[in-house]
Structure formats: structure tokens, C-alpha cells
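S.K.: If you scroll down you'll find the structure; I have some questions about it.
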Amino acid sequence: RLLEVFSAERPELTLSEAAALAGLDPGTAFRMLHTLVMLGYLSRIPASKRFRLTLKVLDLGLHAIARADLREIARPILRSIVGEVNEAASLGVLDGADILYVERVRAGLTRIGVDIRIGTTIPVFWSTIGEAFLAYLPRPEFERVLAMTPRAGAFPHKPMNRVEIDERLAEVRSSGYALRDSYFGSGLRVLAVPVLDVDNYPLAAISVAVPQMQMSTDDFRIRALEAVRRAAGDIAKAVQASGTVSAAV
């Protein structure tokens with residue numbers, strides 16, 4: 001409500017003006033305004049008691065548009081993977097210290113493993129998609145993510161030290177994919193591949209999953225890896241053609 005009271009007609013507002021227009025008491029408005037300043041969505045006008053929006057607000061809309069485009073591009077490609085590996089395929093993007101699932105397709109109605117849906121977030125270092133993404137993230141951005149705290153959610157946070165993280169990501173960079181049994185004790189085996197742009201920057205990552213009892217790790221790799229790699233390449237080409245640069249937050 002506070003963000004919405006700013007407009008072309010009211011580009012700058014004082015605390016009392018913003019509070020009155022938003023229908024908030026001054027104390028609540030004060031705390032929220034300063035939080036928004038700290039997060040970069042509002043700025044203080046120098047030598048003034050007024051606030052105004054920053055261009056970071058525009059990023060919210062641009063990210064939403066980009067993510068919607070990415071979902072539309074990826075959905076039919078994920079369906080083709082599910083047809084080949086017969087279980088489930090997912091698309092995730094980086095959202096702070098979490099992986100946000102923006103698309104998911106399953107072969108049938110049977111529920112498998114953990115309940116992951118569109119909008120689900122999982123701590124990035126406890127996600128196979130996250131490993132595929134982080135292995136290709138530029139070092140400064142990687143360090144920034146490493147310093148962040150995952151949001152509280154339905155999935156627990158697995159303690160991991162820096163040595164474990166670096167070793168695991170080195171393996172992913174060397175092979176070009178992440179493959180392991182789920183950390184959640186769900187009985188799933190997961191394979192993930194990054195979606196890279198022309199500069200090898202990760203835009204997203206896709207994964208496929210099968211029950212561990214259904215096939216061995218080697219069989220799963222043989223059966224699924226090339227299909228998932230083709231799918232990641234197809235998504236990357238479609239993103240480049242559509243002009244969508246990134247869906248990461």
C-alpha cells in the first residue's frame with residue numbers, strides 16, 4: 001500500500017502524507033518506509049523529509065514478465081523430457097539464497113517424493129537444481145549467495161561447510177550436470193542441468209527425478225542425461241530468440 005501511493009502525480013511524499021494516503025498510522029508507516037529505503041525500493045530526497053520510488057521497483061515487474069516468458073518457453077520442453085524419463089521435470093531459478101520452482105511437469109497423477117509445486121522454494125545448497133545453477137554462477141555473485149540466509153519454509157536447511165560446497169560444485173562444473181539422491185529422504189534420484197546463455201551465465205536449471213528403487217544412478221544417467229541436456233539447450237536458444245535475458249532475482 002505504501003508503494004502504491006507514489007504515482008506520476010505524487011512522485012515525492014513525506015512520511016505523514018504517505019501514511020495518510022496508505023491508511024496507516026505514522027509509526028507503522030515510519031518503520032515500513034525505512035525498510036523500503038534499506039531494501040532500495042525508496043530513496044530519501046537530500047535535504048528533505050520526502051521519499052520517492054527508485055528504479056528498483058521496475059525490476060519487480062520486469063522479473064515477473066521475464067519469469068512468465070520463461071515458463072511459457074519451458075513448459076512444452078519439460079513435457080518432452082517427462083515423456084522420455086517417465087517421472088517428473090522441473091524448472092528453477094535463483095531467488096536470493098533459494099531455488100524457486102517456476103514450472104513443474106509430472107508424467108501422471110501419482111505423487112512422488114516431496115510435494116514440490118510451482119512457487120516452492122528450497123535452500124539453494126540443498127537442491128540439485130541449485131547445484132547445477134551455482135556451479136556456473138560468477139564468483140562475486142556466488143559469494144553473495146553464500147553469505148545469504150535461505151528463507152524459512154517447509155524444507156529444512158542441511159548444514160554444509162565451505163569445503164563440501166566447493167568440492168560438490170567442482171564436480172558439477174567438471175561433468176556439466178548434478179546427479180545425486182535427494183537430501184530430503186524422499187526416495188528420489190535427481191539429475192539437473194543448467195540453462196546457460198551465450199556467455200555461459202546460468203539463467204535457470206532443469207531437473208528430472210525418478211524413484212531410487214526404479215533404476216540405478218548409472219542407468220538414470222544413461223537414460224536421462226542427453227535428453228535433459230538437449231532440453232536445456234532448447235530452452236536457452238528459445239530464451240535468446242525471445243529476448244528474455246534472465247529470470248533470476
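Residue numbering restarts at 1 in every chain; chains get A, B, ... in the order shown in the C-alpha cells, and ligands count up from 1 in that same order.
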Using only C-alpha atoms, determine which residues lie at most 9 Å from range 229-236 of chain A, disregarding the query and same-chain residues fewer than 3 positions distant; provide the list as an MDAnalysis selection string.

M.R.: chainID A and resid 70 73:74 77:78 80:81 177 192:198 203:206 224:226 239:241

S.K.: Against range 8-12 of chain A, which residues of range 40-141 of chain A fall within 12 Å? For each one I want the closest pair of atoms and the distance in Å (one decimal), counting only C-alpha atoms, rows by chain and increasing residue number, as a tab-separated table.

M.R.:
residue	atom	partner	partner_atom	distance
A:Leu42	CA	A:Glu12	CA	10.1
A:Ser43	CA	A:Glu12	CA	9.8
A:Arg44	CA	A:Glu12	CA	9.3
A:Ile45	CA	A:Glu12	CA	8.3
A:Pro46	CA	A:Glu12	CA	11.9
A:Ser48	CA	A:Glu12	CA	10.2
A:Lys49	CA	A:Glu12	CA	9.6
A:Arg50	CA	A:Glu12	CA	5.9
A:Phe51	CA	A:Glu12	CA	5.4
A:Arg52	CA	A:Glu12	CA	4.8
A:Leu53	CA	A:Pro11	CA	7.3
A:Thr54	CA	A:Pro11	CA	10.3

S.K.: Residues within 7 Å of Asp98 in chain A, please, as a PyMOL selection string. Count only C-alpha atoms; anything in the same chain fewer than 6 positions from it doesn't count.

M.R.: chain A and resi 121-124+150

S.K.: Name the residues in contact with Ser16 in chain A at a cut-off of 10 Å, using only C-alpha atoms, excluding same-chain residues fewer than 5 positions from it; report them as a list in words.

M.R.: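 Using only C-alpha atoms, the neighbours found are Leu21, Ala22, Leu24, Asp25, Pro26, Gly27, Ala29, Phe30, Lys49 and Arg50 of chain A.
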
S.K.: Please measure the separation of CA of Asn161 in chain A and CA of Trp126 in chain A, giving the value in Å to one decimal.

M.R.: 12.0 Å

S.K.: In Å to one decimal, how far is CA of Asp181 in chain A from CA of Ala135 in chain A?

M.R.: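 Between CA of Ala135 in chain A and CA of Asp181 in chain A the gap is 18.0 Å.
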
S.K.: In Å, with one decimal, what is the gap from CA of Asp199 in chain A to CA of Ala89 in chain A?

M.R.: 25.0 Å

S.K.: Fewer than 3 positions away in the same chain doesn't count, so skip those; otherwise give me all residues within 8 Å of Val172 in chain A, counting only C-alpha atoms, as a short mmCIF file (atom, residue, chain, number, x, y, z; two decimals) with all heavy atoms, in the first residue's frame.

M.R.:
data_model
loop_
_atom_site.label_atom_id
_atom_site.label_comp_id
_atom_site.auth_asym_id
_atom_site.auth_seq_id
_atom_site.Cartn_x
_atom_site.Cartn_y
_atom_site.Cartn_z
N GLU A 131 22.59 -26.75 -7.22
CA GLU A 131 23.99 -27.09 -7.52
C GLU A 131 24.31 -26.85 -9.00
O GLU A 131 25.37 -26.32 -9.33
CB GLU A 131 24.25 -28.55 -7.16
CG GLU A 131 24.24 -28.81 -5.67
CD GLU A 131 24.46 -30.28 -5.34
OE1 GLU A 131 24.43 -31.11 -6.27
OE2 GLU A 131 24.67 -30.58 -4.16
N ALA A 132 23.39 -27.24 -9.88
CA ALA A 132 23.61 -27.02 -11.31
C ALA A 132 23.68 -25.54 -11.63
O ALA A 132 24.43 -25.12 -12.52
CB ALA A 132 22.49 -27.69 -12.11
N ALA A 135 27.09 -23.79 -9.83
CA ALA A 135 28.37 -24.20 -10.40
C ALA A 135 28.81 -23.26 -11.53
O ALA A 135 30.01 -23.17 -11.83
CB ALA A 135 28.29 -25.63 -10.91
N ARG A 168 31.64 -30.17 -4.12
CA ARG A 168 30.46 -30.61 -4.86
C ARG A 168 30.29 -29.81 -6.16
O ARG A 168 30.03 -30.38 -7.23
CB ARG A 168 29.22 -30.46 -3.98
CG ARG A 168 27.92 -30.84 -4.62
CD ARG A 168 27.91 -32.29 -5.02
NE ARG A 168 26.68 -32.63 -5.75
CZ ARG A 168 26.56 -33.67 -6.52
NH1 ARG A 168 27.57 -34.51 -6.69
NH2 ARG A 168 25.43 -33.92 -7.15
N LEU A 169 30.46 -28.50 -6.09
CA LEU A 169 30.28 -27.67 -7.27
C LEU A 169 31.40 -27.89 -8.29
O LEU A 169 31.16 -27.77 -9.50
CB LEU A 169 30.19 -26.19 -6.88
CG LEU A 169 28.98 -25.81 -6.01
CD1 LEU A 169 28.94 -24.32 -5.78
CD2 LEU A 169 27.67 -26.29 -6.63
N SER A 175 31.58 -32.14 -14.85
CA SER A 175 30.71 -33.04 -15.61
C SER A 175 29.65 -32.31 -16.42
O SER A 175 29.15 -32.82 -17.42
CB SER A 175 30.02 -34.02 -14.66
OG SER A 175 29.15 -33.33 -13.77
N GLY A 176 29.29 -31.09 -15.97
CA GLY A 176 28.25 -30.33 -16.65
C GLY A 176 26.85 -30.65 -16.17
O GLY A 176 25.87 -30.16 -16.72
N TYR A 177 26.73 -31.44 -15.11
CA TYR A 177 25.41 -31.76 -14.56
C TYR A 177 25.56 -32.13 -13.09
O TYR A 177 26.65 -32.44 -12.60
CB TYR A 177 24.76 -32.92 -15.32
CG TYR A 177 25.53 -34.22 -15.23
CD1 TYR A 177 25.30 -35.14 -14.21
CD2 TYR A 177 26.51 -34.54 -16.18
CE1 TYR A 177 26.02 -36.33 -14.12
CE2 TYR A 177 27.24 -35.72 -16.11
CZ TYR A 177 26.98 -36.61 -15.08
OH TYR A 177 27.69 -37.78 -15.00
N ALA A 178 24.44 -32.10 -12.36
CA ALA A 178 24.38 -32.54 -10.97
C ALA A 178 23.51 -33.78 -10.91
O ALA A 178 22.42 -33.80 -11.49
CB ALA A 178 23.81 -31.44 -10.08
#

S.K.: Just list as an mmCIF file with all heavy atoms, in the first residue's frame whatever in range 9-184 of chain A DSSP marks as strand (DSSP E).

M.R.:
data_model
loop_
_atom_site.group_PDB
_atom_site.id
_atom_site.type_symbol
_atom_site.label_atom_id
_atom_site.label_comp_id
_atom_site.auth_asym_id
_atom_site.auth_seq_id
_atom_site.Cartn_x
_atom_site.Cartn_y
_atom_site.Cartn_z
ATOM 1 N N GLU A 12 6.836 12.421 -4.990
ATOM 2 C CA GLU A 12 7.542 12.597 -3.722
ATOM 3 C C GLU A 12 6.524 12.830 -2.615
ATOM 4 O O GLU A 12 5.577 13.601 -2.782
ATOM 5 C CB GLU A 12 8.510 13.785 -3.789
ATOM 6 C CG GLU A 12 9.589 13.630 -4.856
ATOM 7 C CD GLU A 12 10.490 14.850 -4.951
ATOM 8 O OE1 GLU A 12 10.318 15.764 -4.103
ATOM 9 O OE2 GLU A 12 11.352 14.887 -5.840
ATOM 10 N N LEU A 13 6.733 12.154 -1.485
ATOM 11 C CA LEU A 13 5.796 12.257 -0.368
ATOM 12 C C LEU A 13 6.553 12.306 0.947
ATOM 13 O O LEU A 13 7.610 11.697 1.090
ATOM 14 C CB LEU A 13 4.839 11.056 -0.344
ATOM 15 C CG LEU A 13 3.859 10.904 -1.512
ATOM 16 C CD1 LEU A 13 3.180 9.543 -1.452
ATOM 17 C CD2 LEU A 13 2.823 12.027 -1.504
ATOM 18 N N THR A 14 5.986 13.024 1.914
ATOM 19 C CA THR A 14 6.525 12.999 3.266
ATOM 20 C C THR A 14 5.981 11.776 3.996
ATOM 21 O O THR A 14 5.060 11.098 3.514
ATOM 22 C CB THR A 14 6.121 14.251 4.040
ATOM 23 O OG1 THR A 14 4.698 14.266 4.185
ATOM 24 C CG2 THR A 14 6.576 15.522 3.318
ATOM 25 N N LEU A 42 12.817 2.607 -2.138
ATOM 26 C CA LEU A 42 12.565 4.026 -1.960
ATOM 27 C C LEU A 42 13.883 4.725 -1.663
ATOM 28 O O LEU A 42 14.832 4.108 -1.170
ATOM 29 C CB LEU A 42 11.607 4.272 -0.790
ATOM 30 C CG LEU A 42 10.143 3.860 -0.939
ATOM 31 C CD1 LEU A 42 9.400 4.120 0.369
ATOM 32 C CD2 LEU A 42 9.470 4.590 -2.083
ATOM 33 N N SER A 43 13.940 6.017 -1.960
ATOM 34 C CA SER A 43 15.115 6.807 -1.601
ATOM 35 C C SER A 43 14.660 8.077 -0.895
ATOM 36 O O SER A 43 13.542 8.569 -1.112
ATOM 37 C CB SER A 43 15.939 7.164 -2.838
ATOM 38 O OG SER A 43 15.191 7.989 -3.713
ATOM 39 N N ARG A 44 15.504 8.590 -0.026
ATOM 40 C CA ARG A 44 15.241 9.870 0.631
ATOM 41 C C ARG A 44 15.723 11.003 -0.266
ATOM 42 O O ARG A 44 16.801 10.923 -0.855
ATOM 43 C CB ARG A 44 15.975 9.956 1.961
ATOM 44 C CG ARG A 44 15.257 9.282 3.123
ATOM 45 C CD ARG A 44 16.054 9.521 4.402
ATOM 46 N NE ARG A 44 15.288 9.207 5.570
ATOM 47 C CZ ARG A 44 14.396 10.029 6.148
ATOM 48 N NH1 ARG A 44 14.194 11.218 5.607
ATOM 49 N NH2 ARG A 44 13.734 9.662 7.218
ATOM 50 N N ARG A 50 11.227 14.097 2.362
ATOM 51 C CA ARG A 50 10.402 13.397 1.385
ATOM 52 C C ARG A 50 11.064 12.111 0.900
ATOM 53 O O ARG A 50 12.288 11.962 0.952
ATOM 54 C CB ARG A 50 10.098 14.308 0.194
ATOM 55 C CG ARG A 50 9.218 15.497 0.555
ATOM 56 C CD ARG A 50 8.896 16.370 -0.628
ATOM 57 N NE ARG A 50 7.922 17.377 -0.257
ATOM 58 C CZ ARG A 50 6.613 17.194 -0.309
ATOM 59 N NH1 ARG A 50 6.132 16.056 -0.772
ATOM 60 N NH2 ARG A 50 5.783 18.146 0.066
ATOM 61 N N PHE A 51 10.204 11.214 0.409
ATOM 62 C CA PHE A 51 10.648 9.942 -0.155
ATOM 63 C C PHE A 51 10.169 9.859 -1.597
ATOM 64 O O PHE A 51 9.171 10.476 -1.975
ATOM 65 C CB PHE A 51 10.054 8.762 0.620
ATOM 66 C CG PHE A 51 10.449 8.706 2.068
ATOM 67 C CD1 PHE A 51 9.771 9.471 3.018
ATOM 68 C CD2 PHE A 51 11.486 7.889 2.486
ATOM 69 C CE1 PHE A 51 10.127 9.418 4.348
ATOM 70 C CE2 PHE A 51 11.849 7.829 3.822
ATOM 71 C CZ PHE A 51 11.165 8.599 4.761
ATOM 72 N N ARG A 52 10.866 9.051 -2.396
ATOM 73 C CA ARG A 52 10.413 8.789 -3.753
ATOM 74 C C ARG A 52 10.817 7.371 -4.152
ATOM 75 O O ARG A 52 11.725 6.778 -3.579
ATOM 76 C CB ARG A 52 10.957 9.809 -4.747
ATOM 77 C CG ARG A 52 12.426 9.717 -5.041
ATOM 78 C CD ARG A 52 12.841 10.777 -6.064
ATOM 79 N NE ARG A 52 12.093 10.611 -7.301
ATOM 80 C CZ ARG A 52 11.668 11.629 -8.065
ATOM 81 N NH1 ARG A 52 11.918 12.877 -7.702
ATOM 82 N NH2 ARG A 52 11.012 11.400 -9.173
ATOM 83 N N LEU A 53 10.112 6.820 -5.159
ATOM 84 C CA LEU A 53 10.427 5.485 -5.657
ATOM 85 C C LEU A 53 11.775 5.484 -6.368
ATOM 86 O O LEU A 53 12.170 6.492 -6.968
ATOM 87 C CB LEU A 53 9.356 5.010 -6.645
ATOM 88 C CG LEU A 53 7.929 4.809 -6.122
ATOM 89 C CD1 LEU A 53 7.025 4.402 -7.275
ATOM 90 C CD2 LEU A 53 7.888 3.763 -5.024
ATOM 91 N N ALA A 88 9.111 -36.936 -13.506
ATOM 92 C CA ALA A 88 8.815 -35.517 -13.303
ATOM 93 C C ALA A 88 9.974 -34.664 -13.786
ATOM 94 O O ALA A 88 11.129 -35.078 -13.746
ATOM 95 C CB ALA A 88 8.555 -35.242 -11.818
ATOM 96 N N ALA A 89 9.662 -33.456 -14.259
ATOM 97 C CA ALA A 89 10.672 -32.495 -14.695
ATOM 98 C C ALA A 89 10.329 -31.135 -14.108
ATOM 99 O O ALA A 89 9.154 -30.769 -14.005
ATOM 100 C CB ALA A 89 10.720 -32.410 -16.224
ATOM 101 N N SER A 90 11.364 -30.386 -13.716
ATOM 102 C CA SER A 90 11.158 -29.094 -13.067
ATOM 103 C C SER A 90 12.096 -28.044 -13.640
ATOM 104 O O SER A 90 13.179 -28.373 -14.138
ATOM 105 C CB SER A 90 11.397 -29.201 -11.557
ATOM 106 O OG SER A 90 10.585 -30.176 -10.957
ATOM 107 N N LEU A 91 11.668 -26.786 -13.535
ATOM 108 C CA LEU A 91 12.481 -25.638 -13.916
ATOM 109 C C LEU A 91 12.589 -24.731 -12.703
ATOM 110 O O LEU A 91 11.577 -24.392 -12.090
ATOM 111 C CB LEU A 91 11.838 -24.879 -15.078
ATOM 112 C CG LEU A 91 12.521 -23.575 -15.493
ATOM 113 C CD1 LEU A 91 13.775 -23.874 -16.308
ATOM 114 C CD2 LEU A 91 11.577 -22.695 -16.302
ATOM 115 N N GLY A 92 13.823 -24.357 -12.333
ATOM 116 C CA GLY A 92 14.017 -23.488 -11.176
ATOM 117 C C GLY A 92 14.933 -22.331 -11.493
ATOM 118 O O GLY A 92 15.800 -22.423 -12.365
ATOM 119 N N VAL A 93 14.739 -21.225 -10.775
ATOM 120 C CA VAL A 93 15.600 -20.048 -10.904
ATOM 121 C C VAL A 93 16.090 -19.652 -9.518
ATOM 122 O O VAL A 93 15.515 -20.030 -8.501
ATOM 123 C CB VAL A 93 14.865 -18.858 -11.560
ATOM 124 C CG1 VAL A 93 14.423 -19.196 -12.966
ATOM 125 C CG2 VAL A 93 13.670 -18.418 -10.711
ATOM 126 N N LEU A 94 17.170 -18.888 -9.488
ATOM 127 C CA LEU A 94 17.729 -18.438 -8.224
ATOM 128 C C LEU A 94 16.912 -17.280 -7.676
ATOM 129 O O LEU A 94 16.622 -16.312 -8.379
ATOM 130 C CB LEU A 94 19.182 -18.001 -8.431
ATOM 131 C CG LEU A 94 19.975 -17.652 -7.168
ATOM 132 C CD1 LEU A 94 20.122 -18.877 -6.273
ATOM 133 C CD2 LEU A 94 21.338 -17.093 -7.543
ATOM 134 N N ASP A 95 16.543 -17.376 -6.394
ATOM 135 C CA ASP A 95 15.780 -16.326 -5.714
ATOM 136 C C ASP A 95 16.433 -16.095 -4.358
ATOM 137 O O ASP A 95 16.114 -16.768 -3.377
ATOM 138 C CB ASP A 95 14.323 -16.765 -5.551
ATOM 139 C CG ASP A 95 13.437 -15.658 -4.992
ATOM 140 O OD1 ASP A 95 13.941 -14.530 -4.831
ATOM 141 O OD2 ASP A 95 12.258 -15.920 -4.717
ATOM 142 N N ASP A 98 17.703 -19.153 -2.277
ATOM 143 C CA ASP A 98 16.814 -20.283 -2.534
ATOM 144 C C ASP A 98 16.683 -20.539 -4.032
ATOM 145 O O ASP A 98 16.947 -19.660 -4.852
ATOM 146 C CB ASP A 98 15.409 -20.001 -1.975
ATOM 147 C CG ASP A 98 15.417 -19.777 -0.480
ATOM 148 O OD1 ASP A 98 15.385 -20.772 0.271
ATOM 149 O OD2 ASP A 98 15.454 -18.609 -0.056
ATOM 150 N N ILE A 99 16.245 -21.741 -4.351
ATOM 151 C CA ILE A 99 15.783 -22.050 -5.699
ATOM 152 C C ILE A 99 14.261 -21.959 -5.690
ATOM 153 O O ILE A 99 13.592 -22.569 -4.850
ATOM 154 C CB ILE A 99 16.235 -23.453 -6.139
ATOM 155 C CG1 ILE A 99 17.734 -23.452 -6.439
ATOM 156 C CG2 ILE A 99 15.463 -23.914 -7.377
ATOM 157 C CD1 ILE A 99 18.163 -22.564 -7.603
ATOM 158 N N LEU A 100 13.733 -21.185 -6.608
ATOM 159 C CA LEU A 100 12.288 -21.026 -6.765
ATOM 160 C C LEU A 100 11.844 -21.858 -7.959
ATOM 161 O O LEU A 100 12.353 -21.673 -9.067
ATOM 162 C CB LEU A 100 11.933 -19.555 -6.989
ATOM 163 C CG LEU A 100 10.495 -19.234 -7.391
ATOM 164 C CD1 LEU A 100 9.524 -19.594 -6.268
ATOM 165 C CD2 LEU A 100 10.359 -17.765 -7.765
ATOM 166 N N TYR A 101 10.931 -22.771 -7.739
ATOM 167 C CA TYR A 101 10.410 -23.609 -8.824
ATOM 168 C C TYR A 101 9.343 -22.828 -9.591
ATOM 169 O O TYR A 101 8.319 -22.454 -9.031
ATOM 170 C CB TYR A 101 9.827 -24.908 -8.261
ATOM 171 C CG TYR A 101 10.881 -25.905 -7.855
ATOM 172 C CD1 TYR A 101 11.595 -25.732 -6.669
ATOM 173 C CD2 TYR A 101 11.207 -26.989 -8.664
ATOM 174 C CE1 TYR A 101 12.594 -26.622 -6.298
ATOM 175 C CE2 TYR A 101 12.200 -27.887 -8.293
ATOM 176 C CZ TYR A 101 12.884 -27.692 -7.113
ATOM 177 O OH TYR A 101 13.878 -28.573 -6.752
ATOM 178 N N VAL A 102 9.603 -22.570 -10.872
ATOM 179 C CA VAL A 102 8.690 -21.774 -11.681
ATOM 180 C C VAL A 102 7.873 -22.618 -12.667
ATOM 181 O O VAL A 102 6.916 -22.126 -13.253
ATOM 182 C CB VAL A 102 9.431 -20.645 -12.431
ATOM 183 C CG1 VAL A 102 10.032 -19.660 -11.456
ATOM 184 C CG2 VAL A 102 10.502 -21.206 -13.350
ATOM 185 N N GLU A 103 8.265 -23.881 -12.859
ATOM 186 C CA GLU A 103 7.471 -24.789 -13.688
ATOM 187 C C GLU A 103 7.776 -26.218 -13.272
ATOM 188 O O GLU A 103 8.899 -26.537 -12.857
ATOM 189 C CB GLU A 103 7.776 -24.588 -15.175
ATOM 190 C CG GLU A 103 6.807 -25.306 -16.106
ATOM 191 C CD GLU A 103 5.364 -24.890 -15.883
ATOM 192 O OE1 GLU A 103 4.957 -23.818 -16.358
ATOM 193 O OE2 GLU A 103 4.638 -25.659 -15.211
ATOM 194 N N ARG A 104 6.762 -27.077 -13.345
ATOM 195 C CA ARG A 104 6.939 -28.488 -12.977
ATOM 196 C C ARG A 104 5.919 -29.317 -13.749
ATOM 197 O O ARG A 104 4.738 -28.948 -13.821
ATOM 198 C CB ARG A 104 6.764 -28.685 -11.481
ATOM 199 C CG ARG A 104 7.021 -30.128 -10.995
ATOM 200 C CD ARG A 104 7.179 -30.130 -9.481
ATOM 201 N NE ARG A 104 7.212 -31.464 -8.898
ATOM 202 C CZ ARG A 104 8.290 -32.231 -8.810
ATOM 203 N NH1 ARG A 104 9.443 -31.799 -9.311
ATOM 204 N NH2 ARG A 104 8.241 -33.422 -8.243
ATOM 205 N N VAL A 105 6.378 -30.415 -14.322
ATOM 206 C CA VAL A 105 5.515 -31.300 -15.100
ATOM 207 C C VAL A 105 5.732 -32.724 -14.599
ATOM 208 O O VAL A 105 6.877 -33.152 -14.406
ATOM 209 C CB VAL A 105 5.840 -31.217 -16.612
ATOM 210 C CG1 VAL A 105 4.969 -32.201 -17.390
ATOM 211 C CG2 VAL A 105 5.648 -29.798 -17.122
ATOM 212 N N ARG A 106 4.637 -33.458 -14.403
ATOM 213 C CA ARG A 106 4.735 -34.851 -13.969
ATOM 214 C C ARG A 106 4.114 -35.764 -15.010
ATOM 215 O O ARG A 106 3.222 -35.369 -15.756
ATOM 216 C CB ARG A 106 4.041 -35.047 -12.621
ATOM 217 C CG ARG A 106 4.760 -34.366 -11.470
ATOM 218 C CD ARG A 106 4.132 -34.702 -10.145
ATOM 219 N NE ARG A 106 2.766 -34.210 -10.042
ATOM 220 C CZ ARG A 106 1.987 -34.406 -8.987
ATOM 221 N NH1 ARG A 106 2.430 -35.088 -7.963
ATOM 222 N NH2 ARG A 106 0.765 -33.917 -8.956
ATOM 223 N N THR A 121 9.966 -23.074 -2.741
ATOM 224 C CA THR A 121 11.369 -22.669 -2.626
ATOM 225 C C THR A 121 12.116 -23.690 -1.774
ATOM 226 O O THR A 121 11.566 -24.231 -0.807
ATOM 227 C CB THR A 121 11.520 -21.275 -1.989
ATOM 228 O OG1 THR A 121 10.919 -21.264 -0.685
ATOM 229 C CG2 THR A 121 10.884 -20.207 -2.855
ATOM 230 N N ILE A 122 13.369 -23.939 -2.149
ATOM 231 C CA ILE A 122 14.248 -24.864 -1.430
ATOM 232 C C ILE A 122 15.599 -24.178 -1.277
ATOM 233 O O ILE A 122 16.086 -23.550 -2.222
ATOM 234 C CB ILE A 122 14.410 -26.187 -2.196
ATOM 235 C CG1 ILE A 122 13.084 -26.956 -2.216
ATOM 236 C CG2 ILE A 122 15.488 -27.059 -1.558
ATOM 237 C CD1 ILE A 122 13.143 -28.269 -2.962
ATOM 238 N N PRO A 123 16.230 -24.256 -0.100
ATOM 239 C CA PRO A 123 17.564 -23.667 0.062
ATOM 240 C C PRO A 123 18.497 -24.128 -1.056
ATOM 241 O O PRO A 123 18.573 -25.312 -1.379
ATOM 242 C CB PRO A 123 18.013 -24.199 1.429
ATOM 243 C CG PRO A 123 16.735 -24.392 2.188
ATOM 244 C CD PRO A 123 15.738 -24.869 1.155
ATOM 245 N N ALA A 178 24.443 -32.098 -12.364
ATOM 246 C CA ALA A 178 24.384 -32.542 -10.973
ATOM 247 C C ALA A 178 23.514 -33.784 -10.911
ATOM 248 O O ALA A 178 22.423 -33.804 -11.492
ATOM 249 C CB ALA A 178 23.806 -31.443 -10.083
ATOM 250 N N LEU A 179 23.979 -34.806 -10.214
ATOM 251 C CA LEU A 179 23.224 -36.053 -10.104
ATOM 252 C C LEU A 179 23.474 -36.649 -8.727
ATOM 253 O O LEU A 179 24.616 -36.939 -8.360
ATOM 254 C CB LEU A 179 23.661 -37.047 -11.186
ATOM 255 C CG LEU A 179 23.095 -38.470 -11.093
ATOM 256 C CD1 LEU A 179 21.571 -38.458 -11.125
ATOM 257 C CD2 LEU A 179 23.649 -39.333 -12.221
ATOM 258 N N ARG A 180 22.407 -36.818 -7.971
ATOM 259 C CA ARG A 180 22.523 -37.427 -6.646
ATOM 260 C C ARG A 180 21.141 -37.785 -6.120
ATOM 261 O O ARG A 180 20.119 -37.369 -6.682
ATOM 262 C CB ARG A 180 23.217 -36.491 -5.664
ATOM 263 C CG ARG A 180 22.517 -35.158 -5.452
ATOM 264 C CD ARG A 180 23.138 -34.425 -4.275
ATOM 265 N NE ARG A 180 22.704 -33.038 -4.190
ATOM 266 C CZ ARG A 180 21.523 -32.648 -3.733
ATOM 267 N NH1 ARG A 180 20.624 -33.548 -3.355
ATOM 268 N NH2 ARG A 180 21.213 -31.373 -3.673
ATOM 269 N N ASP A 181 21.138 -38.540 -5.047
ATOM 270 C CA ASP A 181 19.886 -38.845 -4.374
ATOM 271 C C ASP A 181 19.448 -37.625 -3.569
ATOM 272 O O ASP A 181 20.279 -36.888 -3.023
ATOM 273 C CB ASP A 181 20.043 -40.051 -3.443
ATOM 274 C CG ASP A 181 20.317 -41.339 -4.220
ATOM 275 O OD1 ASP A 181 20.083 -41.345 -5.442
ATOM 276 O OD2 ASP A 181 20.770 -42.319 -3.598
#

S.K.: Quick one: residues within 12 Å of Phe220 in chain A, only C-alpha atoms, excluding same-chain residues fewer than 2 positions away - as a short mmCIF file (atom, residue, chain, number, x, y, z; two decimals) with C-alpha atoms, in the first residue's frame?

M.R.:
data_model
loop_
_atom_site.label_atom_id
_atom_site.label_comp_id
_atom_site.auth_asym_id
_atom_site.auth_seq_id
_atom_site.Cartn_x
_atom_site.Cartn_y
_atom_site.Cartn_z
CA GLU A 84 11.34 -39.77 -22.07
CA VAL A 85 12.14 -40.32 -18.38
CA ASN A 86 8.58 -41.14 -17.27
CA GLU A 87 8.51 -39.27 -13.97
CA LEU A 179 23.22 -36.05 -10.10
CA ARG A 180 22.52 -37.43 -6.65
CA ASP A 181 19.89 -38.84 -4.37
CA LEU A 188 14.09 -39.79 -5.29
CA ARG A 189 17.11 -39.70 -7.57
CA VAL A 190 17.56 -36.28 -9.24
CA LEU A 191 19.56 -35.10 -12.26
CA ALA A 192 19.88 -31.38 -13.06
CA VAL A 208 14.29 -34.74 -13.73
CA ALA A 209 13.53 -37.18 -10.94
CA VAL A 210 12.85 -40.89 -10.60
CA PRO A 211 12.34 -43.16 -7.56
CA GLN A 212 15.67 -44.63 -6.42
CA MET A 213 14.17 -48.13 -6.48
CA GLN A 214 13.23 -47.76 -10.14
CA MET A 215 16.75 -47.53 -11.57
CA SER A 216 20.38 -47.22 -10.57
CA THR A 217 22.36 -43.99 -10.77
CA ASP A 218 24.23 -45.20 -13.85
CA ILE A 222 22.34 -43.13 -19.40
CA ARG A 223 18.60 -42.78 -19.82
CA ALA A 224 18.09 -39.13 -18.93
CA LEU A 225 21.26 -37.03 -19.30
CA GLU A 226 21.28 -36.39 -23.05
CA ALA A 227 17.55 -35.66 -23.10
CA VAL A 228 17.93 -33.13 -20.29
#

S.K.: Which one of A:Arg221, A:Ile129, A:Ala170, A:Val145 sits closest to Ser207 in chain A if you count only C-alpha atoms?

M.R.: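 That would be A:Ile129, the residue with the smallest distance to Ser207 in chain A.
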
S.K.: Using the chain letters and numbers from this document, which residues of range 13-149 of chain A does DSSP assign to alpha helix (DSSP H), as a count of residues only?

M.R.: 68
